[in-house]
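Novice: Contents of coords_30.cif (mmCIF, C-alpha atoms) are given next:
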data_entry
#
loop_
_atom_site.label_atom_id
_atom_site.label_comp_id
_atom_site.auth_asym_id
_atom_site.auth_seq_id
_atom_site.Cartn_x
_atom_site.Cartn_y
_atom_site.Cartn_z
CA MET G 1 13.35 -26.69 28.91
CA ALA G 2 12.28 -24.52 31.85
CA LYS G 3 8.64 -23.43 31.95
CA VAL G 4 7.61 -19.97 33.14
CA LEU G 5 4.13 -18.69 33.99
CA LEU G 6 3.75 -14.99 33.11
CA ILE G 7 0.86 -13.16 34.79
CA GLY G 8 0.18 -9.58 33.73
CA PRO G 9 -1.91 -7.19 31.59
CA LEU G 10 -1.77 -7.19 27.80
CA PRO G 11 -3.30 -4.55 25.50
CA PRO G 12 -5.99 -3.32 25.09
CA PRO G 13 -5.95 -0.60 26.14
CA VAL G 14 -2.65 0.95 25.13
CA GLY G 15 -1.13 2.06 28.42
CA GLY G 16 2.12 1.95 30.33
CA ASP G 17 1.43 -1.32 32.16
CA THR G 18 0.00 -3.18 29.15
CA VAL G 19 2.74 -2.08 26.74
CA SER G 20 5.46 -2.89 29.27
CA PHE G 21 4.15 -6.40 29.88
CA ASN G 22 3.63 -6.92 26.15
CA ARG G 23 7.31 -6.11 25.56
CA LEU G 24 8.34 -8.68 28.17
CA VAL G 25 6.09 -11.35 26.66
CA HIS G 26 7.56 -10.81 23.18
CA SER G 27 11.18 -10.48 24.25
CA LYS G 28 13.75 -12.39 22.21
CA TYR G 29 15.35 -13.61 25.43
CA TRP G 30 12.76 -16.30 26.09
CA GLU G 31 13.87 -18.21 23.01
CA LYS G 32 17.55 -17.36 23.57
CA ASN G 33 17.39 -18.92 27.04
CA ASP G 34 15.26 -21.86 25.91
CA TYR G 35 12.35 -20.98 28.20
CA GLU G 36 8.79 -21.99 27.45
CA LYS G 37 6.30 -19.35 28.57
CA THR G 38 2.61 -19.58 29.46
CA ILE G 39 0.60 -16.37 29.82
CA ILE G 40 -2.35 -15.34 31.97
CA ASN G 41 -3.70 -11.97 30.83
CA THR G 42 -4.95 -9.90 33.77
CA SER G 43 -6.34 -7.02 31.71
CA GLN G 44 -10.07 -6.68 31.30
CA LYS G 45 -9.96 -3.05 30.20
CA THR G 46 -11.22 -2.00 26.81
CA GLU G 47 -10.71 1.73 27.33
CA ILE G 48 -8.66 4.07 29.49
CA LYS G 49 -9.63 3.94 33.15
CA LEU G 50 -9.07 6.44 35.93
CA THR G 51 -6.27 5.50 38.30
CA ASN G 52 -8.35 5.57 41.48
CA ARG G 53 -11.52 4.07 40.11
CA ILE G 54 -13.67 1.96 42.44
CA LEU G 55 -13.31 -1.80 42.08
CA GLY G 56 -16.47 -3.55 40.97
CA LEU G 57 -18.04 -6.90 40.21
CA LYS G 58 -16.14 -7.26 36.92
CA ASP G 59 -12.86 -6.93 38.80
CA PHE G 60 -13.93 -9.61 41.29
CA ILE G 61 -14.93 -12.00 38.50
CA LYS G 62 -11.64 -11.34 36.71
CA VAL G 63 -9.67 -12.21 39.85
CA ILE G 64 -11.58 -15.50 40.23
CA ASN G 65 -10.82 -16.38 36.60
CA ILE G 66 -7.13 -15.57 37.10
CA MET G 67 -6.97 -17.82 40.18
CA PHE G 68 -8.63 -20.73 38.35
CA SER G 69 -6.28 -20.32 35.39
CA MET G 70 -3.30 -20.25 37.71
CA LEU G 71 -4.41 -23.38 39.58
CA LYS G 72 -4.72 -25.22 36.25
CA LYS G 73 -1.21 -24.28 35.15
CA ILE G 74 0.85 -24.06 38.34
CA ASN G 75 1.90 -27.72 38.54
CA ASN G 76 3.54 -27.56 35.11
CA VAL G 77 5.76 -24.50 35.57
CA ASP G 78 9.13 -23.86 37.21
CA LEU G 79 8.69 -20.16 37.95
CA VAL G 80 5.87 -17.63 38.35
CA ILE G 81 6.38 -14.05 37.16
CA LEU G 82 3.82 -11.43 38.15
CA TRP G 83 3.75 -7.95 36.58
CA GLY G 84 1.17 -5.59 38.01
CA ASN G 85 0.41 -2.06 39.15
CA SER G 86 0.36 -1.09 42.82
CA ARG G 87 -3.25 -1.93 43.58
CA PHE G 88 -3.15 -5.27 41.77
CA ILE G 89 -0.09 -6.30 43.78
CA TYR G 90 -1.63 -5.67 47.21
CA THR G 91 -5.04 -7.12 46.25
CA ALA G 92 -5.15 -10.01 43.75
CA GLY G 93 -1.37 -10.24 43.84
CA LEU G 94 -1.45 -11.48 47.42
CA LEU G 95 -3.53 -14.48 46.36
CA ILE G 96 -1.17 -15.19 43.46
CA ILE G 97 1.80 -15.16 45.86
CA LEU G 98 0.07 -17.55 48.26
CA ILE G 99 -0.83 -19.98 45.48
CA ALA G 100 2.74 -19.96 44.16
CA LYS G 101 4.13 -20.66 47.62
CA LEU G 102 1.47 -23.30 48.34
CA PHE G 103 2.73 -25.20 45.30
CA LYS G 104 6.37 -24.46 46.26
CA LYS G 105 7.08 -22.42 43.13
CA PRO G 106 9.52 -19.49 43.11
CA ILE G 107 7.90 -16.17 42.25
CA THR G 108 9.19 -12.77 41.16
CA ILE G 109 7.14 -9.58 41.07
CA LYS G 110 7.58 -6.52 38.85
CA MET G 111 5.84 -3.51 40.36
CA PHE G 112 4.80 -1.28 37.52
CA GLY G 113 4.75 2.46 38.17
CA GLY G 114 6.12 4.43 41.07
CA THR G 115 3.26 4.79 43.53
CA PHE G 116 3.19 1.54 45.52
CA ASN G 117 4.40 3.35 48.64
CA ASP G 118 1.74 6.10 48.42
CA LYS G 119 -1.15 3.69 48.19
CA PHE G 120 0.28 1.07 50.51
CA GLU G 121 0.77 3.57 53.35
CA LYS G 122 -2.92 4.51 53.18
CA LEU G 123 -4.11 0.96 53.81
CA PRO G 124 -5.51 -0.02 57.23
CA ARG G 125 -2.68 -1.11 59.55
CA ILE G 126 -3.96 -4.66 59.98
CA TYR G 127 -4.28 -5.18 56.22
CA LYS G 128 -0.89 -3.60 55.63
CA ASN G 129 0.81 -5.91 58.14
CA ILE G 130 -0.78 -8.97 56.55
CA ALA G 131 0.19 -7.78 53.07
CA ILE G 132 3.84 -7.24 54.08
CA ARG G 133 4.03 -10.74 55.53
CA ILE G 134 2.70 -12.23 52.30
CA ILE G 135 4.87 -10.09 50.00
CA LYS G 136 7.93 -11.18 51.97
CA PHE G 137 7.30 -14.70 50.63
CA VAL G 138 8.26 -13.39 47.18
CA ASP G 139 11.72 -14.50 46.08
CA ILE G 140 12.65 -11.39 44.08
CA ILE G 141 10.86 -8.02 43.88
CA THR G 142 11.75 -5.78 40.93
CA PRO G 143 10.41 -2.23 41.42
CA GLU G 144 10.38 0.10 38.45
CA THR G 145 11.94 3.09 40.23
CA LYS G 146 15.00 3.58 42.41
CA PHE G 147 12.85 5.29 45.01
CA LEU G 148 10.71 2.17 45.46
CA CYS G 149 13.85 0.06 45.84
CA TYR G 150 14.90 2.33 48.71
CA TYR G 151 11.37 2.14 50.14
CA PHE G 152 11.36 -1.66 50.31
CA ILE G 153 14.85 -1.87 51.77
CA ASN G 154 14.83 1.07 54.18
CA LYS G 155 11.15 1.47 55.14
CA LEU G 156 9.74 -2.05 54.87
CA LYS G 157 13.05 -3.72 55.86
CA PHE G 158 13.22 -6.21 52.99
CA PRO G 159 16.61 -7.92 52.48
CA LYS G 160 18.71 -6.10 49.86
CA ASN G 161 19.27 -9.28 47.87
CA LYS G 162 15.51 -9.57 47.30
CA ILE G 163 15.17 -6.14 45.68
CA HIS G 164 16.36 -5.55 42.10
CA HIS G 165 15.76 -2.30 40.22
CA LEU G 166 13.98 -3.11 36.93
CA PRO G 167 13.13 0.00 34.91
CA ASN G 168 11.22 0.06 31.65
CA PHE G 169 13.07 -0.86 28.49
CA ILE G 170 12.67 -0.45 24.75
CA ALA G 171 13.00 -3.44 22.48
CA SER G 172 14.03 -1.64 19.30
CA VAL G 173 17.22 0.41 19.31
CA LYS G 174 17.95 3.15 16.81
CA LYS G 175 21.58 2.72 15.83
CA GLU G 176 23.99 5.61 15.53
CA PRO G 177 24.52 7.88 13.77
CA PHE G 178 21.21 9.69 14.21
CA THR G 179 20.22 12.95 12.60
CA ILE G 180 19.61 15.98 14.79
CA ASN G 181 16.60 17.89 13.57
CA LYS G 182 17.25 21.42 12.39
CA ILE G 183 14.99 23.70 14.39
CA ASN G 184 12.75 26.01 12.41
CA LYS G 185 12.34 29.14 14.54
CA SER G 186 8.88 29.78 13.14
CA ASN G 187 7.73 26.17 13.62
CA ILE G 188 8.98 24.28 16.69
CA LYS G 189 7.56 20.79 16.19
CA CYS G 190 6.34 19.05 19.34
CA VAL G 191 4.68 15.69 19.84
CA PHE G 192 2.51 14.41 22.68
CA ILE G 193 2.10 10.61 22.74
CA ALA G 194 0.27 9.21 25.74
CA GLN G 195 -3.17 8.39 27.01
CA LEU G 196 -4.97 11.64 26.32
CA LYS G 197 -6.26 12.70 29.70
CA ALA G 198 -5.84 15.73 31.91
CA GLU G 199 -3.48 13.98 34.34
CA LYS G 200 -0.89 13.57 31.58
CA GLY G 201 -0.65 17.35 31.23
CA LEU G 202 -2.85 17.38 28.15
CA PHE G 203 -4.57 20.69 28.79
CA ASP G 204 -1.39 22.33 30.07
CA VAL G 205 0.12 21.75 26.65
CA ILE G 206 -2.98 23.11 24.93
CA ASP G 207 -2.91 26.23 27.14
CA MET G 208 0.71 26.75 26.15
CA LEU G 209 -0.13 26.43 22.45
CA LYS G 210 -2.75 29.17 22.70
CA SER G 211 -0.03 31.75 23.35
CA ALA G 212 2.75 30.24 21.19
CA GLY G 213 2.31 30.98 17.52
CA ASN G 214 5.66 29.45 16.56
CA VAL G 215 5.04 26.15 18.38
CA ASN G 216 3.02 23.28 16.90
CA CYS G 217 2.03 20.04 18.57
CA ASP G 218 0.57 16.80 17.25
CA PHE G 219 -1.29 14.56 19.70
CA TYR G 220 -1.37 10.76 19.54
CA GLY G 221 -3.13 8.32 21.82
CA PRO G 222 -6.48 6.98 23.06
CA ILE G 223 -8.71 9.68 24.56
CA LEU G 224 -10.25 9.25 27.99
CA SER G 225 -14.01 9.60 27.49
CA ARG G 226 -14.21 12.06 30.40
CA ASP G 227 -11.87 14.50 28.58
CA GLN G 228 -12.78 13.79 24.97
CA ASN G 229 -15.26 16.61 24.32
CA LYS G 230 -13.09 19.24 25.97
CA PHE G 231 -9.95 18.10 24.16
CA LEU G 232 -11.54 18.05 20.70
CA ARG G 233 -13.23 21.39 21.31
CA GLU G 234 -9.99 23.02 22.50
CA ILE G 235 -7.83 21.90 19.57
CA ALA G 236 -10.55 22.82 17.07
CA ASN G 237 -10.15 26.45 18.14
CA ILE G 238 -6.40 26.70 17.55
CA ASP G 239 -4.37 26.17 14.38
CA ASN G 240 -1.20 24.78 15.94
CA ALA G 241 -2.63 21.58 17.42
CA LYS G 242 -3.75 18.40 15.63
CA TYR G 243 -5.02 15.03 16.80
CA LYS G 244 -3.40 12.22 14.81
CA GLY G 245 -5.16 9.18 16.29
CA ILE G 246 -3.59 6.21 18.09
CA ALA G 247 -0.02 5.31 17.19
CA ARG G 248 0.83 1.65 16.67
CA HIS G 249 3.32 0.22 19.20
CA ASP G 250 5.94 -0.40 16.53
CA GLU G 251 5.54 3.09 15.02
CA VAL G 252 6.04 5.22 18.15
CA CYS G 253 9.81 5.68 17.86
CA LYS G 254 9.57 6.47 14.15
CA ILE G 255 6.86 9.06 14.81
CA ILE G 256 8.77 10.74 17.64
CA SER G 257 11.93 11.02 15.54
CA GLN G 258 10.10 13.35 13.14
CA TYR G 259 9.65 16.00 15.85
CA ASP G 260 11.97 18.36 17.71
CA ILE G 261 10.86 17.43 21.21
CA LEU G 262 8.44 15.18 23.14
CA LEU G 263 6.07 16.86 25.61
CA LEU G 264 4.89 14.99 28.69
CA PRO G 265 4.13 17.50 31.49
CA THR G 266 2.40 14.80 33.51
CA PHE G 267 0.98 14.80 37.03
CA HIS G 268 -0.55 11.35 36.66
CA PRO G 269 -0.69 9.70 40.14
CA GLY G 270 0.52 6.31 38.89
CA GLU G 271 3.57 7.58 37.03
CA GLY G 272 6.80 5.60 37.13
CA TYR G 273 9.27 5.62 34.22
CA PRO G 274 7.00 6.46 31.26
CA ALA G 275 8.05 4.24 28.36
CA VAL G 276 7.39 7.02 25.85
CA ILE G 277 10.24 9.03 27.41
CA LEU G 278 12.62 6.13 26.79
CA GLU G 279 11.27 5.77 23.26
CA ALA G 280 12.04 9.42 22.64
CA PHE G 281 15.53 9.04 24.09
CA SER G 282 16.17 6.05 21.83
CA THR G 283 15.77 8.32 18.80
CA GLY G 284 17.88 11.13 20.23
CA THR G 285 14.81 13.27 20.90
CA PRO G 286 14.86 15.34 24.10
CA VAL G 287 11.87 15.36 26.45
CA LEU G 288 10.06 18.09 28.32
CA ALA G 289 8.51 16.51 31.41
CA THR G 290 7.63 17.42 34.98
CA LYS G 291 9.35 17.29 38.36
CA TRP G 292 6.90 14.60 39.34
CA LYS G 293 7.29 11.24 41.09
CA ALA G 294 10.33 9.36 39.70
CA ILE G 295 10.60 11.23 36.40
CA PRO G 296 13.68 13.21 37.58
CA GLU G 297 15.41 9.83 37.91
CA ILE G 298 15.48 9.60 34.11
CA VAL G 299 15.05 13.17 32.79
CA GLN G 300 17.74 15.63 33.86
CA ASP G 301 17.01 19.29 33.28
CA LEU G 302 19.26 20.86 30.60
CA ASN G 303 21.05 17.52 30.12
CA ASN G 304 18.72 15.22 28.17
CA GLY G 305 15.58 17.33 28.37
CA PHE G 306 13.70 19.84 30.47
CA LEU G 307 11.82 19.63 33.76
CA VAL G 308 8.97 21.96 34.71
CA LYS G 309 6.54 22.16 37.59
CA PRO G 310 3.20 20.39 37.07
CA ASN G 311 0.39 22.63 35.78
CA SER G 312 2.72 25.31 34.47
CA SER G 313 1.98 26.16 30.84
CA ASN G 314 4.17 29.28 31.05
CA GLN G 315 7.19 27.23 32.11
CA ILE G 316 6.54 24.81 29.26
CA LEU G 317 6.76 27.62 26.72
CA ASP G 318 9.85 29.18 28.31
CA LYS G 319 11.72 25.86 28.27
CA LEU G 320 10.60 25.09 24.71
CA LEU G 321 12.03 28.29 23.38
CA SER G 322 15.42 27.23 24.79
CA ILE G 323 15.85 24.66 22.04
CA LEU G 324 16.34 27.49 19.58
CA ASP G 325 19.87 27.56 21.03
CA LYS G 326 21.60 25.22 18.55
CA GLU G 327 24.43 24.22 20.88
CA LEU G 328 22.07 23.41 23.75
CA TYR G 329 19.70 21.45 21.51
CA GLU G 330 22.50 19.31 20.08
CA LYS G 331 23.67 18.57 23.62
CA LEU G 332 20.16 17.51 24.66
CA CYS G 333 19.80 15.21 21.63
CA PHE G 334 23.17 13.56 22.13
CA ASN G 335 22.63 13.01 25.86
CA ALA G 336 19.10 11.72 25.31
CA GLN G 337 20.31 8.87 23.14
CA LYS G 338 23.31 8.27 25.39
CA THR G 339 20.97 7.96 28.39
CA PHE G 340 18.94 5.36 26.55
CA GLN G 341 21.84 3.30 25.24
CA ASN G 342 23.58 3.19 28.62
CA ASN G 343 20.53 2.34 30.70
CA TYR G 344 17.28 1.30 29.01
CA THR G 345 17.84 -1.09 26.12
CA GLU G 346 16.34 -4.57 26.13
CA GLU G 347 19.90 -5.92 26.21
CA LYS G 348 20.73 -3.96 29.37
CA ILE G 349 17.49 -4.49 31.28
CA LEU G 350 16.55 -8.03 30.29
CA GLY G 351 19.66 -9.63 28.83
CA GLU G 352 22.17 -8.37 31.40
CA ASN G 353 19.83 -8.16 34.39
CA TYR G 354 16.38 -9.69 34.53
CA PHE G 355 17.03 -13.01 32.80
CA LYS G 356 19.99 -13.62 35.11
CA VAL G 357 17.59 -13.23 38.02
CA ILE G 358 15.16 -15.64 36.38
CA LYS G 359 17.90 -18.18 35.75
CA THR G 360 19.00 -18.06 39.38
CA LEU G 361 15.47 -18.66 40.66
CA ILE G 362 14.86 -21.57 38.28
CA GLU G 363 18.18 -23.27 38.98
CA ASN G 364 17.89 -22.92 42.75
#
Take the structure in the file and give it back as structure tokens.
Specialist:
Amino acid sequence: MAKVLLIGPLPPPVGGDTVSFNRLVHSKYWEKNDYEKTIINTSQKTEIKLTNRILGLKDFIKVINIMFSMLKKINNVDLVILWGNSRFIYTAGLLIILIAKLFKKPITIKMFGGTFNDKFEKLPRIYKNIAIRIIKFVDIITPETKFLCYYFINKLKFPKNKIHHLPNFIASVKKEPFTINKINKSNIKCVFIAQLKAEKGLFDVIDMLKSAGNVNCDFYGPILSRDQNKFLREIANIDNAKYKGIARHDEVCKIISQYDILLLPTFHPGEGYPAVILEAFSTGTPVLATKWKAIPEIVQDLNNGFLVKPNSSNQILDKLLSILDKELYEKLCFNAQKTFQNNYTEEKILGENYFKVIKTLIEN
């Protein structure tokens, strides 16, 4: 039985990186492939954090603990798998890579999100050169977005056979046939499920609701403390917005399926392929999102959803009213689920892709 060391962040908090890694940890394919997994949890967060927050003493202590845990386990594993966001990869991740190579263990890295290039290019040249040399020791790199795959191959000159596109995936699949919601012209039902913070387009949605009497939106998710008072004050003053608390991981798809459309007009700097978009697609629910980062790689305007400019509440409303066209809405629903089934199931991403990569590294 092959032994694999998984290093990455588990909930809490509920966020893209923690939920994604949690899905990998609990995948059925570990048992199917007869792999024994050991986990090092890199998350120390108990609440939502800002993307560009300053690293502190707690982060330093956490890194030391991760290194000690890795040193204790490294001799007894056949492969190291690291899942992390951009900053973790080019900070603590470099030490993890060096330890793996010191002990002659193959290592694969999943880069969560779509902003590695933005942050990496801002690093001092000397640090960047050292980081590239270390990252090139990695056996397989699996960026979340197609753009980052191109970046590693074309800009950083990594060999093509080292770069494998690994988007988010959803473990549970809603089987066909699915029911297309009948739109009520006087009550278009929208849902917003994400970390509730301004960068996710939270207040753009609320601004839209203020001028849309026939549109209602329910909000789910943990609230960033910075935005909590404003958010609760804003929705208290309008009748067509409600906060429904934090949705359980295994309830998200069921919740989304009860609505006409998912809203995610994000301009979050760390955005990659938001899992909630794929969860919506899995239920045949179209998505209204933004032309931001890699989101247009998965959401196609007027095909499986709508795309608007960031910070454009007027565009949000205009696009929303389009779903009153029955023929267009049915097309969006059908293509949303088709997009999911063809590209983002656990079977496609892990079974037919990632675990073949893992097998190759272990056997070689």
Novice: Enter the distance from atom CA of Ile126 of chain G to atom CA of Phe152 of chain G, in Å, rounded to one decimal.
Specialist: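 It comes out at 18.4 Å.
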Novice: Could you check how far atom CA of Leu321 of chain G sits from atom CA of Val205 of chain G, in Å to one decimal?
Specialist: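 Calculated distance between atom CA of Leu321 of chain G and atom CA of Val205 of chain G is 14.0 Å.
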Novice: I'd like to know which of G:Leu232, G:Ile183, G:Cys217, G:Ala247 is closest to Leu324 of chain G, using all atoms listed in the file.
Specialist: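 Under the stated criterion, the closest residue is G:Ile183.
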Novice: To one decimal place in Å, what is the distance between atom CA of Ile141 of chain G and atom CA of Pro159 of chain G?
Specialist: 10.3 Å
Novice: Tell me which protein, DNA and RNA residues are within 9 Å of Leu6 of chain G, counting only C-alpha atoms, leaving out same-chain ones fewer than 6 positions away, and put them as a ChimeraX atom specification.
Specialist: /G:25,37-41,79-83
Novice: From the list G:Glu363, G:Lys291, G:Ala212, G:Arg133, which residue is nearest Ile188 of chain G when using all atoms listed in the file?
Specialist: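 That would be G:Ala212, the residue with the smallest distance to Ile188 of chain G.
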